[in-house]
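What follows is the content of protein-v8.txt, which has compact mmCIF, C-alpha atoms:
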# COMPACT_ATOMS: atom_id res chain seq x y z
CA MET M 1156 79.74 113.88 107.96
CA THR M 1157 81.86 115.49 105.23
CA ASP M 1158 79.83 117.47 102.74
CA PRO M 1159 79.58 115.29 99.65
CA ASP M 1160 78.91 118.38 97.51
CA VAL M 1161 82.33 119.87 98.16
CA ASP M 1162 85.32 117.88 96.94
CA PRO M 1163 88.28 118.59 99.20
CA PRO M 1164 91.55 119.09 97.31
CA LYS M 1165 93.42 115.81 96.92
CA GLY M 1166 95.91 115.23 99.73
CA ALA M 1167 94.45 118.04 101.84
CA ARG M 1168 91.76 115.93 103.41
CA PRO M 1169 90.57 117.70 106.55
CA VAL M 1170 90.96 115.70 109.73
CA GLY M 1171 88.14 115.98 112.24
CA ARG M 1172 86.73 119.00 110.50
CA ARG M 1173 83.36 118.98 108.84
CA ALA M 1174 82.29 121.51 106.25
CA GLY M 1175 79.21 123.55 107.01
CA GLU M 1176 79.57 123.67 110.81
CA SER M 1177 80.55 126.78 112.66
CA GLY M 1178 84.21 126.97 113.54
CA THR M 1179 84.39 127.00 117.31
CA ARG M 1180 83.01 123.58 118.17
CA GLU M 1181 85.07 122.03 115.40
CA ASP M 1182 88.16 123.98 116.45
CA ILE M 1183 87.80 122.46 119.91
CA LEU M 1184 87.47 118.94 118.49
CA ASP M 1185 90.52 119.40 116.25
CA ALA M 1186 92.58 120.76 119.15
CA ALA M 1187 91.38 117.98 121.44
CA LEU M 1188 92.28 115.22 118.98
CA THR M 1189 95.73 116.69 118.38
CA LEU M 1190 96.49 117.09 122.09
CA PHE M 1191 95.09 113.70 123.10
CA ALA M 1192 97.29 112.11 120.45
CA GLU M 1193 100.37 114.09 121.48
CA ARG M 1194 100.02 114.00 125.27
CA GLY M 1195 97.64 111.17 125.98
CA PHE M 1196 94.28 111.28 127.71
CA ASP M 1197 95.63 112.23 131.14
CA GLY M 1198 98.28 114.63 129.79
CA ALA M 1199 95.95 116.76 127.68
CA SER M 1200 94.30 119.21 130.08
CA MET M 1201 91.03 120.94 129.28
CA ARG M 1202 92.91 124.24 129.66
CA ALA M 1203 95.58 123.24 127.12
CA ILE M 1204 92.88 122.18 124.67
CA ALA M 1205 91.06 125.47 125.24
CA ASP M 1206 94.29 127.41 124.63
CA ALA M 1207 95.04 125.46 121.45
CA ALA M 1208 91.52 126.09 120.17
CA GLY M 1209 91.63 129.75 121.22
CA VAL M 1210 88.53 129.49 123.40
CA ASP M 1211 87.65 129.75 127.08
CA PRO M 1212 87.65 126.40 128.97
CA ALA M 1213 84.08 127.18 130.07
CA LEU M 1214 83.00 126.96 126.44
CA ILE M 1215 84.42 123.43 126.17
CA ARG M 1216 82.38 122.40 129.22
CA HIS M 1217 79.34 124.07 127.70
CA PHE M 1218 79.65 121.98 124.54
CA PHE M 1219 81.08 118.72 125.90
CA THR M 1220 80.50 118.63 129.70
CA ASP M 1221 83.72 116.78 130.67
CA LYS M 1222 86.96 115.34 129.32
CA PRO M 1223 85.72 111.80 128.61
CA SER M 1224 82.79 113.22 126.63
CA LEU M 1225 85.10 115.55 124.75
CA PHE M 1226 87.37 112.63 123.95
CA ALA M 1227 84.51 110.51 122.65
CA ALA M 1228 83.22 113.42 120.55
CA ALA M 1229 86.69 114.10 119.13
CA MET M 1230 87.06 110.49 118.02
CA ALA M 1231 83.53 110.41 116.59
CA ALA M 1232 84.23 113.65 114.71
CA HIS M 1233 87.16 111.91 113.12
CA SER M 1234 84.58 110.87 110.67
CA GLU M 1235 86.76 108.86 108.35
CA ILE M 1236 87.29 106.06 110.84
CA PRO M 1237 83.67 104.99 111.45
CA GLN M 1238 82.82 105.70 107.83
CA ARG M 1239 85.60 103.53 106.46
CA MET M 1240 84.84 100.71 108.88
CA ALA M 1241 81.13 100.90 107.99
CA GLU M 1242 82.01 100.63 104.30
CA ALA M 1243 84.18 97.61 105.07
CA VAL M 1244 81.36 95.85 106.92
CA SER M 1245 78.92 96.15 104.02
CA GLY M 1246 79.39 94.19 100.77
CA ASP M 1247 80.11 90.54 99.88
CA PRO M 1248 79.91 88.54 103.14
CA GLY M 1249 82.52 86.08 101.87
CA GLN M 1250 85.14 88.86 101.75
CA LEU M 1251 84.19 90.51 105.06
CA GLY M 1252 87.39 89.52 106.88
CA ARG M 1253 89.58 90.77 104.08
CA ARG M 1254 87.76 94.11 103.77
CA VAL M 1255 87.77 94.79 107.52
CA ALA M 1256 91.47 93.90 107.85
CA GLU M 1257 92.32 96.05 104.82
CA ALA M 1258 90.30 99.04 106.08
CA TYR M 1259 91.74 98.82 109.58
CA LEU M 1260 95.38 98.44 108.57
CA THR M 1261 94.99 101.19 105.96
CA LEU M 1262 93.91 103.61 108.71
CA TRP M 1263 97.11 102.80 110.61
CA ASP M 1264 99.32 103.21 107.56
CA ASP M 1265 97.72 106.58 106.69
CA ALA M 1266 100.28 109.40 106.92
CA GLU M 1267 97.84 111.65 108.73
CA LEU M 1268 95.72 109.26 110.80
CA GLY M 1269 98.51 106.83 111.68
CA PRO M 1270 100.33 109.11 114.12
CA VAL M 1271 97.02 110.03 115.79
CA LEU M 1272 96.19 106.34 116.30
CA GLN M 1273 99.69 105.63 117.59
CA GLY M 1274 99.37 108.49 120.05
CA LEU M 1275 96.01 107.19 121.18
CA VAL M 1276 97.34 103.70 121.77
CA ARG M 1277 100.23 105.07 123.80
CA SER M 1278 97.66 107.01 125.77
CA ALA M 1279 95.43 103.98 126.28
CA VAL M 1280 98.28 101.79 127.46
CA THR M 1281 99.72 104.29 129.92
CA SER M 1282 96.60 106.02 131.20
CA GLU M 1283 94.74 104.83 134.27
CA HIS M 1284 91.44 105.97 132.78
CA GLY M 1285 91.90 106.18 129.06
CA GLY M 1286 92.06 102.47 128.28
CA GLU M 1287 88.42 101.61 127.86
CA LEU M 1288 87.66 104.97 126.23
CA VAL M 1289 90.44 104.87 123.69
CA ALA M 1290 89.85 101.24 122.89
CA GLU M 1291 86.21 102.02 122.35
CA ALA M 1292 87.18 104.88 120.10
CA LEU M 1293 89.57 102.65 118.17
CA PHE M 1294 87.73 99.44 117.76
CA SER M 1295 84.19 100.21 118.66
CA GLN M 1296 83.87 102.42 115.66
CA MET M 1297 82.89 99.17 114.12
CA SER M 1298 80.27 98.50 116.76
CA LYS M 1299 78.55 101.77 115.79
CA VAL M 1300 77.82 100.31 112.39
CA PRO M 1301 74.04 99.60 112.76
CA GLU M 1302 74.44 96.04 111.55
CA VAL M 1303 77.04 95.39 114.25
CA ALA M 1304 75.19 97.30 116.97
CA ALA M 1305 72.11 95.12 116.43
CA ALA M 1306 74.12 91.90 116.50
CA PRO M 1307 73.64 89.12 119.08
CA PRO M 1308 76.21 88.64 121.88
CA GLU M 1309 78.27 85.99 120.06
CA ALA M 1310 78.72 88.41 117.14
CA THR M 1311 79.76 91.21 119.51
CA ARG M 1312 82.34 88.89 121.01
CA GLY M 1313 83.61 88.09 117.52
CA VAL M 1314 83.93 91.80 116.74
CA ALA M 1315 85.99 92.25 119.92
CA LEU M 1316 88.27 89.33 118.99
CA ALA M 1317 88.73 90.64 115.45
CA GLY M 1318 89.52 94.06 116.93
CA ALA M 1319 92.07 92.64 119.37
CA HIS M 1320 93.76 90.66 116.61
CA LEU M 1321 94.01 93.67 114.30
CA MET M 1322 95.13 95.87 117.20
CA GLY M 1323 97.91 93.39 117.93
CA VAL M 1324 99.04 93.54 114.31
CA ALA M 1325 98.93 97.35 114.24
CA LEU M 1326 100.86 97.43 117.51
CA ALA M 1327 103.56 95.14 116.11
CA ARG M 1328 103.75 96.94 112.77
CA ASN M 1329 102.98 100.60 113.43
CA VAL M 1330 103.89 101.16 117.08
CA LEU M 1331 106.70 98.68 117.83
CA GLY M 1332 107.93 98.58 114.22
CA LEU M 1333 108.83 94.89 114.43
CA SER M 1334 110.69 93.74 111.33
CA ALA M 1335 108.48 90.66 110.82
CA PHE M 1336 105.61 93.09 110.21
CA THR M 1337 107.26 96.10 108.58
CA GLY M 1338 108.88 93.58 106.20
CA MET M 1339 105.46 92.56 104.84
CA SER M 1340 103.41 94.67 102.48
CA ARG M 1341 99.96 95.60 103.72
CA GLU M 1342 98.50 93.29 101.07
CA GLU M 1343 100.50 90.30 102.34
CA LEU M 1344 99.45 91.06 105.89
CA VAL M 1345 95.78 91.40 104.94
CA GLU M 1346 96.03 88.11 103.04
CA ALA M 1347 97.54 86.41 106.09
CA VAL M 1348 95.03 87.63 108.69
CA ALA M 1349 91.83 87.74 106.57
CA PRO M 1350 90.76 84.12 107.29
CA SER M 1351 90.97 84.68 111.06
CA ILE M 1352 89.05 87.96 110.88
CA GLN M 1353 86.47 86.25 108.65
CA ARG M 1354 86.09 83.48 111.21
CA TYR M 1355 85.58 85.92 114.09
CA LEU M 1356 83.05 87.96 112.12
CA SER M 1357 81.14 84.98 110.76
CA PRO M 1358 78.27 85.33 113.30
CA LEU M 1359 77.65 88.77 111.76
CA VAL M 1360 77.50 87.25 108.29
CA GLU M 1361 75.19 84.46 109.42
CA ARG M 1362 72.89 86.97 111.04
CA ARG M 1363 72.82 89.06 107.90
CA ALA M 1364 72.00 85.99 105.83
CA SER M 1365 69.12 85.02 108.13
CA ASN M 1366 67.84 88.62 108.11
CA ASP M 1367 67.84 88.64 104.34
CA ASP M 1368 65.84 85.44 104.33
CA GLY M 1369 63.53 86.33 107.18
CA PRO M 1370 60.53 88.65 107.09
CA GLY M 1371 61.14 92.34 107.88
CA ALA M 1372 64.27 92.96 110.03
CA MET X 184 117.38 87.61 147.79
CA THR X 185 115.38 84.39 148.16
CA ASP X 186 117.09 81.21 149.28
CA PRO X 187 116.27 78.27 147.02
CA ASP X 188 116.81 75.88 149.91
CA VAL X 189 113.96 77.44 151.83
CA ASP X 190 110.47 76.70 150.60
CA PRO X 191 108.99 80.05 149.67
CA PRO X 192 105.57 80.76 151.15
CA LYS X 193 102.77 79.90 148.75
CA GLY X 194 102.25 82.71 146.24
CA ALA X 195 105.77 84.02 146.78
CA ARG X 196 107.37 81.97 143.99
CA PRO X 197 110.78 83.49 143.24
CA VAL X 198 110.87 85.39 139.96
CA GLY X 199 113.97 85.19 137.78
CA ARG X 200 115.93 83.13 140.23
CA ARG X 201 117.47 79.81 139.35
CA ALA X 202 118.70 77.47 142.03
CA GLY X 203 122.44 76.92 142.24
CA GLU X 204 123.73 80.28 141.02
CA SER X 205 125.62 82.72 143.19
CA GLY X 206 123.68 85.69 144.46
CA THR X 207 125.14 88.83 142.90
CA ARG X 208 124.48 88.20 139.23
CA GLU X 209 121.01 86.96 140.06
CA ASP X 210 120.40 89.90 142.37
CA ILE X 211 121.19 92.24 139.47
CA LEU X 212 118.82 90.36 137.16
CA ASP X 213 116.02 90.43 139.74
CA ALA X 214 116.51 94.15 140.34
CA ALA X 215 116.69 94.85 136.60
CA LEU X 216 113.47 92.99 135.86
CA THR X 217 111.63 94.75 138.66
CA LEU X 218 112.84 98.20 137.62
CA PHE X 219 112.27 97.66 133.89
CA ALA X 220 108.71 96.59 134.68
CA GLU X 221 108.11 99.52 137.02
CA ARG X 222 109.84 102.31 135.10
CA GLY X 223 110.16 101.07 131.55
CA PHE X 224 113.32 100.50 129.56
CA ASP X 225 114.28 104.16 129.30
CA GLY X 226 113.27 105.01 132.87
CA ALA X 227 115.29 102.30 134.62
CA SER X 228 118.84 103.63 134.85
CA MET X 229 121.82 101.36 135.32
CA ARG X 230 122.55 103.30 138.52
CA ALA X 231 119.05 102.68 139.91
CA ILE X 232 119.36 98.98 139.10
CA ALA X 233 122.78 98.88 140.76
CA ASP X 234 121.36 100.61 143.85
CA ALA X 235 118.42 98.21 144.03
CA ALA X 236 120.76 95.21 143.73
CA GLY X 237 123.21 96.71 146.24
CA VAL X 238 126.16 96.56 143.82
CA ASP X 239 128.43 99.01 142.02
CA PRO X 240 127.26 99.99 138.48
CA ALA X 241 130.68 98.89 137.19
CA LEU X 242 129.84 95.34 138.22
CA ILE X 243 126.68 95.40 136.08
CA ARG X 244 128.77 96.48 133.09
CA HIS X 245 131.28 93.74 133.91
CA PHE X 246 128.55 91.08 133.77
CA PHE X 247 126.23 92.49 131.10
CA THR X 248 128.13 95.17 129.10
CA ASP X 249 125.18 97.54 128.46
CA LYS X 250 121.51 98.14 129.19
CA PRO X 251 120.06 96.30 126.17
CA SER X 252 122.14 93.23 127.04
CA LEU X 253 121.08 93.44 130.67
CA PHE X 254 117.48 93.69 129.58
CA ALA X 255 117.77 90.64 127.34
CA ALA X 256 119.50 88.69 130.12
CA ALA X 257 116.85 89.68 132.65
CA MET X 258 114.07 88.43 130.39
CA ALA X 259 115.95 85.23 129.62
CA ALA X 260 116.53 84.67 133.32
CA HIS X 261 112.81 84.84 133.77
CA SER X 262 113.06 81.24 133.05
CA GLU X 263 109.43 80.33 133.37
CA ILE X 264 108.45 82.17 130.21
CA PRO X 265 110.63 80.39 127.64
CA GLN X 266 110.19 77.10 129.47
CA ARG X 267 106.41 77.28 129.46
CA MET X 268 106.30 78.34 125.82
CA ALA X 269 108.66 75.50 124.89
CA GLU X 270 106.41 73.02 126.68
CA ALA X 271 103.43 74.41 124.79
CA VAL X 272 105.16 73.96 121.43
CA SER X 273 105.87 70.28 122.00
CA GLY X 274 103.11 67.67 122.10
CA ASP X 275 100.13 66.76 119.89
CA PRO X 276 100.41 68.93 116.73
CA GLY X 277 96.62 69.05 116.38
CA GLN X 278 96.34 70.92 119.68
CA LEU X 279 99.30 73.27 119.15
CA GLY X 280 97.18 76.43 118.80
CA ARG X 281 95.24 75.69 121.94
CA ARG X 282 98.34 74.90 124.02
CA VAL X 283 100.23 78.01 122.87
CA ALA X 284 97.22 80.28 123.48
CA GLU X 285 96.66 78.70 126.90
CA ALA X 286 100.33 79.02 127.91
CA TYR X 287 100.60 82.62 126.72
CA LEU X 288 97.39 83.87 128.34
CA THR X 289 98.21 82.00 131.55
CA LEU X 290 101.49 83.95 131.81
CA TRP X 291 99.51 87.19 131.58
CA ASP X 292 96.94 86.14 134.16
CA ASP X 293 99.68 85.07 136.61
CA ALA X 294 99.56 87.22 139.75
CA GLU X 295 103.32 87.64 139.77
CA LEU X 296 104.30 87.60 136.09
CA GLY X 297 101.27 89.52 134.84
CA PRO X 298 102.29 92.91 136.27
CA VAL X 299 105.85 92.44 134.96
CA LEU X 300 104.51 91.77 131.45
CA GLN X 301 102.14 94.72 131.69
CA GLY X 302 105.00 96.96 132.72
CA LEU X 303 107.09 95.68 129.84
CA VAL X 304 104.35 96.35 127.32
CA ARG X 305 103.92 99.89 128.63
CA SER X 306 107.66 100.25 128.28
CA ALA X 307 107.70 98.89 124.73
CA VAL X 308 104.87 101.13 123.59
CA THR X 309 106.29 104.32 125.04
CA SER X 310 110.03 103.79 124.60
CA GLU X 311 111.90 104.95 121.54
CA HIS X 312 114.28 102.02 121.84
CA GLY X 313 112.54 99.38 123.87
CA GLY X 314 109.98 98.26 121.32
CA GLU X 315 111.91 95.67 119.37
CA LEU X 316 113.75 94.48 122.47
CA VAL X 317 110.70 94.04 124.64
CA ALA X 318 108.70 92.48 121.87
CA GLU X 319 111.51 90.06 121.29
CA ALA X 320 111.57 89.29 124.98
CA LEU X 321 107.82 88.78 125.03
CA PHE X 322 107.10 86.86 121.90
CA SER X 323 110.41 85.63 120.72
CA GLN X 324 110.71 83.42 123.71
CA MET X 325 108.89 81.09 121.43
CA SER X 326 111.42 81.55 118.66
CA LYS X 327 114.13 80.30 121.01
CA VAL X 328 112.45 76.93 121.10
CA PRO X 329 114.84 74.92 118.86
CA GLU X 330 111.99 73.62 116.73
CA VAL X 331 110.86 77.19 116.01
CA ALA X 332 114.37 78.58 115.55
CA ALA X 333 115.05 75.98 112.83
CA ALA X 334 111.79 76.71 111.04
CA PRO X 335 111.56 78.03 107.46
CA PRO X 336 110.58 81.70 106.82
CA GLU X 337 106.85 81.03 106.37
CA ALA X 338 106.78 79.36 109.79
CA THR X 339 108.62 82.31 111.35
CA ARG X 340 106.03 84.64 109.89
CA GLY X 341 103.28 82.47 111.32
CA VAL X 342 104.90 82.62 114.76
CA ALA X 343 104.98 86.44 114.49
CA LEU X 344 101.30 86.56 113.50
CA ALA X 345 100.31 84.21 116.33
CA GLY X 346 102.34 86.40 118.70
CA ALA X 347 100.68 89.60 117.47
CA HIS X 348 97.24 88.07 117.86
CA LEU X 349 97.89 86.85 121.39
CA MET X 350 99.54 90.16 122.27
CA GLY X 351 96.40 91.99 121.08
CA VAL X 352 94.25 89.78 123.28
CA ALA X 353 96.53 90.27 126.30
CA LEU X 354 96.52 94.02 125.67
CA ALA X 355 92.71 94.12 125.54
CA ARG X 356 92.28 91.84 128.56
CA ASN X 357 95.20 92.51 130.88
CA VAL X 358 96.36 96.03 130.03
CA LEU X 359 93.24 97.89 128.85
CA GLY X 360 90.87 95.71 130.89
CA LEU X 361 88.16 95.81 128.23
CA SER X 362 84.94 94.24 129.45
CA ALA X 363 84.50 92.07 126.34
CA PHE X 364 87.71 90.28 127.42
CA THR X 365 87.62 90.44 131.21
CA GLY X 366 84.06 89.08 130.92
CA MET X 367 85.35 85.85 129.36
CA SER X 368 87.09 83.10 131.30
CA ARG X 369 90.56 82.21 130.08
CA GLU X 370 89.17 78.89 128.88
CA GLU X 371 86.53 80.59 126.71
CA LEU X 372 89.15 82.92 125.30
CA VAL X 373 91.55 80.08 124.53
CA GLU X 374 88.71 78.18 122.87
CA ALA X 375 87.88 81.23 120.74
CA VAL X 376 91.40 82.01 119.52
CA ALA X 377 92.88 78.49 119.29
CA PRO X 378 91.82 77.84 115.66
CA SER X 379 93.51 81.06 114.49
CA ILE X 380 96.70 80.32 116.40
CA GLN X 381 96.63 76.78 115.03
CA ARG X 382 96.32 78.14 111.50
CA TYR X 383 99.25 80.54 111.96
CA LEU X 384 101.43 77.81 113.46
CA SER X 385 100.51 75.14 110.93
CA PRO X 386 103.77 75.53 108.92
CA LEU X 387 105.59 74.48 112.13
CA VAL X 388 103.44 71.39 112.42
CA GLU X 389 103.90 70.49 108.75
CA ARG X 390 107.63 70.86 109.11
CA ARG X 391 107.64 68.64 112.15
CA ALA X 392 105.62 66.01 110.32
CA SER X 393 108.00 66.02 107.35
CA ASN X 394 111.01 65.84 109.69
CA ASP X 395 109.49 62.84 111.40
CA ASP X 396 109.01 61.15 108.06
CA GLY X 397 112.26 62.19 106.44
CA PRO X 398 115.72 60.70 106.99
CA GLY X 399 117.83 62.44 109.63
CA ALA X 400 116.72 66.12 109.45
Using structure tokens, write down the structure from this file.
Amino acid sequence: MTDPDVDPPKGARPVGRRAGESGTREDILDAALTLFAERGFDGASMRAIADAAGVDPALIRHFFTDKPSLFAAAMAAHSEIPQRMAEAVSGDPGQLGRRVAEAYLTLWDDAELGPVLQGLVRSAVTSEHGGELVAEALFSQMSKVPEVAAAPPEATRGVALAGAHLMGVALARNVLGLSAFTGMSREELVEAVAPSIQRYLSPLVERRASNDDGPGA
Amino acid sequence: MTDPDVDPPKGARPVGRRAGESGTREDILDAALTLFAERGFDGASMRAIADAAGVDPALIRHFFTDKPSLFAAAMAAHSEIPQRMAEAVSGDPGQLGRRVAEAYLTLWDDAELGPVLQGLVRSAVTSEHGGELVAEALFSQMSKVPEVAAAPPEATRGVALAGAHLMGVALARNVLGLSAFTGMSREELVEAVAPSIQRYLSPLVERRASNDDGPGA
């Protein structure tokens, strides 16, 4: 979604903002993401988001209908997450577990994205409604990768298990700050979990292999 | 509150109560566990716990010194958790991963314990202070098993990774209620994660094997 023709200045990577789109819709998405992260799904009112974006609440409803839809759009607009996970899924099947673990844990360690993800997890855990939504936003970014979306049920289940495992690690390391996890480098952690993630994602790899062999697909 | 000499009605198994101890200290622990689960670590004041137990706050400080110590004592008094995890650790080393996964996920699915654990996780995720404490209470029950406590660093790390994985699954299934997890029976879930838990806990098994072989230990 970012414009590949325009290199953003290093370190000033825009979050949730895409070049070449008019400001208002993007302003709403930026404000929504910030407030959802800070206050949680239930705590961020449509009015507060409208105020932060400097627009009328009616305009938010015009663009996004309701709060769940706005939330989903705000996470999708956070284009780095699905893009990075999609990159991790493609490539050498034998290193799939390592790449996915590395990509996921890197998102959580990112100075800019990390706090947003932490806020979203807090929101998911405490909200009556946000759980499924936030979890979808967090781990189902991977299920939007076409290869994953087209996968058979046992592969989908594997993606969910890989997601839960990585979420548990991110929770321990980046939310709870447990010393057993903060005391490991990201590389050590990736090394430790990669075989499990590889095992859970193996039905994806097997499918890809059979598609490569088979006609069409 | 409950009398150990009277058979509790089915489904009303006493939580945190051990037979043969005098009421007051146990009343405080019961009240503390209930309030920590309901209101989180920060939200449960010593005064509220004292009120719920029908004692003076000074008596709580006499027994438990401060809130973190009370919290730790309340979790320890929840004697089923460490006991069940200890039982899971002993037995056929080849089935260790399966037994630990089964024991852990059974605690979360328990009608009585489940909501307490859910409340504690909410508390850990949202509290500034509770994280390490609650996590310790939740997963380090296993590290109190003598076999685990005496383990070398690589085994301790494996226990942490197994804990994070199982915590991620419990979060997805019992806190967020994600359909990919609620749609699986506990048996299917245990089957799916057991090999990963076994892999993480293998340094424990190897140690046990070498202790069995070696002189003394």
Practice prompt. Please return, as a PyMOL selection string, all polymer residues that have at least one atom within 12 Å of the point (91.5, 94.4, 124.3); use all atoms listed in the file and the file's own coordinate frame.
Written response: (chain M and resi 1276+1279-1280+1286-1291+1293-1295+1312+1314-1323+1326) or (chain X and resi 348-367+372)
CA of Val388 in chain X sits from CA of Leu279 in chain X at a separation of 8.1 Å
Review point. Could you state the separation of CA of Thr207 in chain X and CA of Arg222 in chain X in Å, given to one decimal place?
Key: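 A separation of 21.8 Å between them.
Candidate residues M:Ala1256, M:Leu1272, M:Ala1243, M:Ile1352 were compared for distance to chain X, and the nearest is M:Ile1352, using only C-alpha atoms.
With all atoms listed in the file as the atoms that count, the minimum distance from Ile211 in chain X to the choices X:Phe247, X:Pro329, X:Pro265, X:Asp225 is reached by X:Phe247.
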Residue with the minimum atom-to-atom distance to chain X, picked from M:Val1271, M:Val1348, M:Ala1258, M:Ala1266 with all atoms listed in the file counted, is M:Val1348
### Residue neighbourhood Ala1306 in chain M, 9 Å, all atoms listed in the file, exclusion window fewer than 4 positions, as a VMD selection string
chain M and resid 1301 to 1302 1310 to 1311 1358 to 1359 1362
- [ ] State, in Å with one decimal place, the distance from CA of Trp291 in chain X to CA of Ala269 in chain X.
- [x]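 Separation between CA of Trp291 in chain X and CA of Ala269 in chain X: 16.3 Å.
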In terms of only C-alpha atoms, the residue from M:Asp1264, M:Glu1242, M:Glu1361, M:Glu1193 at minimal distance from chain X is M:Glu1193
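Minimum atom-to-atom distances from X:Gly274, X:Pro335, X:Pro251, X:Gly302 to chain M were compared using all atoms listed in the file, and the lowest value belongs to X:Gly302.
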Using only C-alpha atoms, the shortest atom-to-atom distance to Glu263 in chain X among X:Asp239, X:Asp249, X:Asp293, X:Asp234 belongs to X:Asp293
